[in-house]
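Novice: See entry02.cif below, with mmCIF, C-alpha atoms.
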```
data_query
#
loop_
_atom_site.label_atom_id
_atom_site.label_comp_id
_atom_site.auth_asym_id
_atom_site.auth_seq_id
_atom_site.Cartn_x
_atom_site.Cartn_y
_atom_site.Cartn_z
CA MET A 28 122.57 103.89 99.87
CA SER A 29 123.06 107.46 98.80
CA THR A 30 125.13 108.74 95.94
CA PHE A 31 126.21 112.28 95.15
CA PHE A 32 126.76 113.11 91.50
CA ALA A 33 124.01 110.76 90.32
CA GLY A 34 125.03 111.08 86.69
CA SER A 35 122.70 109.16 84.40
CA GLY A 36 121.06 107.21 87.25
CA THR A 37 122.85 103.88 86.83
CA THR A 38 123.13 103.38 90.61
CA LEU A 39 119.40 103.70 91.26
CA HIS A 40 118.62 101.67 88.17
CA ALA A 41 120.90 98.86 89.42
CA VAL A 42 119.28 98.98 92.87
CA ASN A 43 115.83 98.68 91.26
CA LEU A 44 116.94 95.70 89.15
CA LEU A 45 118.43 93.96 92.21
CA ASN A 46 115.23 94.50 94.19
CA VAL A 47 113.17 92.95 91.39
CA GLU A 48 115.59 90.03 91.12
CA ASP A 49 115.46 89.00 94.79
CA ASN A 50 112.35 90.78 96.12
CA GLY A 51 114.66 93.08 98.05
CA ASN A 52 113.76 96.39 99.61
CA ARG A 53 116.96 98.33 99.09
CA ARG A 54 116.62 102.09 98.92
CA CYS A 55 118.72 104.57 97.07
CA ILE A 56 118.89 108.34 97.21
CA LEU A 57 120.56 110.14 94.36
CA VAL A 58 121.77 113.68 94.84
CA THR A 59 122.86 115.77 91.90
CA ASN A 60 122.45 119.13 90.29
CA ASN A 61 120.79 119.79 86.98
CA GLU A 62 123.91 120.94 85.19
CA VAL A 63 123.96 121.50 81.45
CA SER A 64 127.03 120.95 79.31
CA ASP A 65 129.29 123.88 78.40
CA ALA A 66 128.15 123.75 74.78
CA GLU A 67 124.46 123.75 75.77
CA SER A 68 125.06 126.50 78.31
CA LYS A 69 126.59 128.70 75.63
CA ALA A 70 123.80 127.99 73.15
CA LEU A 71 121.08 128.62 75.75
CA ARG A 72 122.70 131.92 76.84
CA GLU A 73 122.82 133.03 73.20
CA GLN A 74 119.07 132.40 73.05
CA GLY A 75 118.57 134.56 76.16
CA TYR A 76 118.02 131.79 78.71
CA GLN A 77 119.73 131.46 82.07
CA PRO A 78 119.82 128.90 84.88
CA GLY A 79 116.37 128.55 86.48
CA ASP A 80 114.46 129.21 83.26
CA PRO A 81 112.26 126.22 82.29
CA GLU A 82 113.92 126.06 78.85
CA TRP A 83 117.35 125.90 80.52
CA GLU A 84 116.35 123.37 83.18
CA LYS A 85 114.82 120.88 80.75
CA HIS A 86 118.32 120.42 79.23
CA GLY A 87 120.00 119.66 82.57
CA ILE A 88 121.34 116.14 83.19
CA CYS A 89 118.92 115.40 86.00
CA ARG A 90 115.80 116.41 84.07
CA SER A 91 116.84 115.16 80.64
CA VAL A 92 118.73 111.96 81.51
CA THR A 93 118.62 110.78 85.15
CA TRP A 94 114.94 111.24 85.93
CA PRO A 95 113.63 109.86 82.60
CA ARG A 96 115.89 106.79 82.84
CA ILE A 97 114.65 105.91 86.31
CA LYS A 98 111.02 106.63 85.47
CA TYR A 99 111.12 104.63 82.24
CA SER A 100 112.88 101.68 83.87
CA ILE A 101 110.20 101.51 86.56
CA LEU A 102 107.23 101.99 84.23
CA GLY A 103 108.61 99.94 81.32
CA LYS A 104 107.76 102.59 78.73
CA ARG A 105 108.78 106.05 77.62
CA ASP A 106 106.51 109.09 77.85
CA ASP A 107 105.50 108.57 74.21
CA GLY A 108 104.26 105.04 75.07
CA THR A 109 107.18 103.21 73.42
CA ILE A 110 107.67 99.92 75.31
CA LEU A 111 111.19 99.24 76.58
CA SER A 112 112.80 95.96 75.64
CA GLY A 113 115.65 93.97 77.12
CA GLU A 114 116.70 94.05 80.74
CA TYR A 115 116.25 97.80 81.11
CA TYR A 116 112.76 97.51 82.57
CA THR A 117 112.65 96.55 86.26
CA ASN A 118 109.14 95.05 86.12
CA GLN A 119 109.95 92.95 83.08
CA THR A 120 108.41 89.51 82.85
CA VAL A 121 110.97 86.95 81.81
CA SER A 122 110.00 83.95 79.71
CA LYS A 123 112.09 80.85 79.70
CA GLU A 124 111.90 77.51 78.01
CA VAL A 125 111.21 74.55 80.29
CA GLU A 126 112.03 71.02 79.20
CA ARG A 127 108.79 69.07 79.15
CA SER A 128 107.92 65.47 78.36
CA PHE A 129 104.74 64.26 76.68
CA TYR A 130 103.63 60.63 76.68
CA GLN A 131 100.61 58.97 75.13
CA LEU A 132 99.31 55.68 76.40
CA GLY A 133 96.65 54.10 74.22
CA PHE A 134 95.29 50.71 75.17
CA ILE A 135 91.61 51.27 75.79
CA ASP A 136 88.94 52.20 73.27
CA ASN A 137 86.66 54.11 75.61
CA PRO A 138 88.49 56.09 78.32
CA THR A 139 85.24 56.67 80.21
CA GLU A 140 85.24 52.92 80.99
CA LEU A 141 88.45 53.20 83.07
CA THR A 142 87.68 52.15 86.61
CA THR A 143 89.08 54.01 89.60
CA ASN A 144 91.35 51.03 90.24
CA ALA A 145 92.62 51.05 86.63
CA LYS A 146 93.35 54.79 86.90
CA LYS A 147 95.30 54.19 90.13
CA GLN A 148 97.29 51.46 88.41
CA LEU A 149 98.15 53.87 85.59
CA VAL A 150 99.23 56.53 88.07
CA SER A 151 101.44 54.02 89.91
CA LEU A 152 103.35 53.37 86.67
CA LEU A 153 104.36 57.01 86.32
CA ARG A 154 107.93 57.37 87.50
CA GLY A 155 110.22 60.36 87.34
CA LYS A 156 113.88 60.29 86.33
CA ASP A 157 114.70 59.59 89.98
CA GLY A 158 112.47 56.47 89.91
CA LYS A 159 109.95 57.93 92.35
CA SER A 160 106.24 58.03 91.70
CA GLN A 161 105.21 61.28 90.08
CA LEU A 162 101.63 61.34 91.31
CA PRO A 163 100.13 59.75 94.42
CA GLN A 164 97.26 57.34 93.83
CA SER A 165 95.28 59.24 96.45
CA LEU A 166 94.66 61.96 93.84
CA VAL A 167 92.58 59.52 91.77
CA LYS A 168 88.86 59.80 92.47
CA ALA A 169 86.02 57.80 90.95
CA ASP A 170 85.05 60.67 88.65
CA SER A 171 88.61 61.79 87.79
CA LYS A 172 88.86 62.77 84.14
CA PHE A 173 92.39 64.10 84.72
CA ILE A 174 94.79 65.02 87.49
CA VAL A 175 96.38 68.45 87.85
CA SER A 176 98.11 69.15 91.14
CA ASP A 177 99.82 72.25 92.52
CA LYS A 178 102.27 69.96 94.32
CA HIS A 179 103.38 67.61 91.54
CA SER A 180 105.27 68.04 88.28
CA ALA A 181 103.20 65.52 86.31
CA THR A 182 99.66 65.57 84.99
CA ILE A 183 97.55 62.84 83.44
CA LEU A 184 94.50 63.01 81.20
CA PHE A 185 92.27 59.94 81.55
CA ASP A 186 89.41 61.08 79.33
CA VAL A 187 90.23 62.77 76.01
CA ASN A 188 86.70 64.16 75.97
CA ALA A 189 87.75 66.37 78.92
CA VAL A 190 90.76 67.87 77.17
CA ASN A 191 89.40 71.43 77.28
CA GLU A 192 88.76 71.22 81.04
CA TRP A 193 92.24 69.73 81.50
CA LEU A 194 93.90 72.50 79.52
CA GLU A 195 91.98 75.10 81.52
CA ALA A 196 93.14 73.47 84.78
CA LEU A 197 96.72 73.60 83.48
CA GLU A 198 96.66 77.41 83.15
CA ASP A 199 99.42 78.96 85.30
CA GLN A 200 100.72 75.51 86.33
CA ASP A 201 104.24 76.24 85.06
CA HIS A 202 105.78 73.71 87.45
CA ILE A 203 104.24 70.81 85.49
CA THR A 204 106.80 69.29 83.13
CA ASP A 205 105.41 65.79 82.38
CA PHE A 206 102.17 65.36 80.46
CA ILE A 207 100.59 61.91 80.15
#
```
For this file, write the structure as structure tokens.

Specialist:
Amino acid sequence: MSTFFAGSGTTLHAVNLLNVEDNGNRRCILVTNNEVSDAESKALREQGYQPGDPEWEKHGICRSVTWPRIKYSILGKRDDGTILSGEYYTNQTVSKEVERSFYQLGFIDNPTELTTNAKKQLVSLLRGKDGKSQLPQSLVKADSKFIVSDKHSATILFDVNAVNEWLEALEDQDHITDFI
């Protein structure tokens, strides 16, 4: 896509935002001049500047509006280091709330005494809203203190003494919504 009269750079900014949204690879070429407003032109001439002078050019729309907008939206911050907020920044990380369910089953005094078979029985009881098993019993091993799987939305902690290991294994497992 190419646009003449780039203005403030909204076209390129929109293309960048769309590419971030869907991992696209759209390209955009903006063509414009570096025109200054009539009022600025008059004031700059009174100060002895003319088109082409650095002082004149820094007030042009391309250098003072279009280029900074595109640069800031890509980098996420202004030249002074001020961080952009909102949906202006194309590399913005978006946080969202995910509905999660937490369950506590407590019927054994010493969780380390759970046999592999008992753990498999517990796992078989875990059903999602659709009635299907949330975790396959094949994930249970003799030494399983917990189960965290990249492929399943549930996790189970068998041994409360392993809670720190479990929490570490849960890092970046945003797909997990049910905690038992």

Novice: Could you state which residues are captured by the PyMOL selection byres ((chain A and resi 167) around 9) in this file, as a list in words?

Specialist: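 Residues picked by the PyMOL selection byres ((chain A and resi 167) around 9): Thr143, Asn144, Lys146, Lys147, Val150, Pro163, Gln164, Ser165, Leu166, Lys168, Ala169, Asp170, Ser171, Phe173 and Ile174 of chain A.
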
Novice: Any idea what the distance is between atom CA of Thr142 of chain A and atom CA of Leu194 of chain A?

Specialist: 22.4 Å

Novice: Can you tell me how far atom CA of Asn188 of chain A sits from atom CA of Gln161 of chain A, in Å to one decimal?

Specialist: 23.5 Å

Novice: My list of candidates is A:Asn60, A:Ser100, A:Ser35, A:Leu162. Which is closest to Glu84 of chain A when distances are computed with all atoms listed in the file?

Specialist: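 The answer is A:Asn60, which sits nearest to Glu84 of chain A.
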
Novice: Please measure the separation of atom CA of Glu126 of chain A and atom CA of Asp49 of chain A, giving the value in Å to one decimal.

Specialist: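 Taking atom CA of Glu126 of chain A and atom CA of Asp49 of chain A, their separation equals 24.0 Å.
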
Novice: For the point (110.8, 104.0, 82.3) in the file's frame, write as a VMD selection string all residues with an atom no more than 12 Å away, counting all atoms listed in the file.

Specialist: chain A and resid 36 40 43 92 to 112 114 to 119

Novice: Under the PyMOL selection byres ((chain A and resi 80-83) around 12), which residues of this model are included? Write them out as a list of chain:residue names.

Specialist: A:Asn61, A:Glu62, A:Val63, A:Ser64, A:Glu67, A:Ser68, A:Lys69, A:Ala70, A:Leu71, A:Arg72, A:Glu73, A:Gln74, A:Gly75, A:Tyr76, A:Gln77, A:Pro78, A:Gly79, A:Glu84, A:Lys85, A:His86, A:Gly87, A:Ile88, A:Cys89, A:Arg90, A:Ser91

Novice: Evaluating the PyMOL selection byres ((chain A and resi 197-204) around 7) on the displayed file yields which residues, as number ranges by chain?

Specialist: A: 126-128, 175, 179-182, 193-196, 205-206
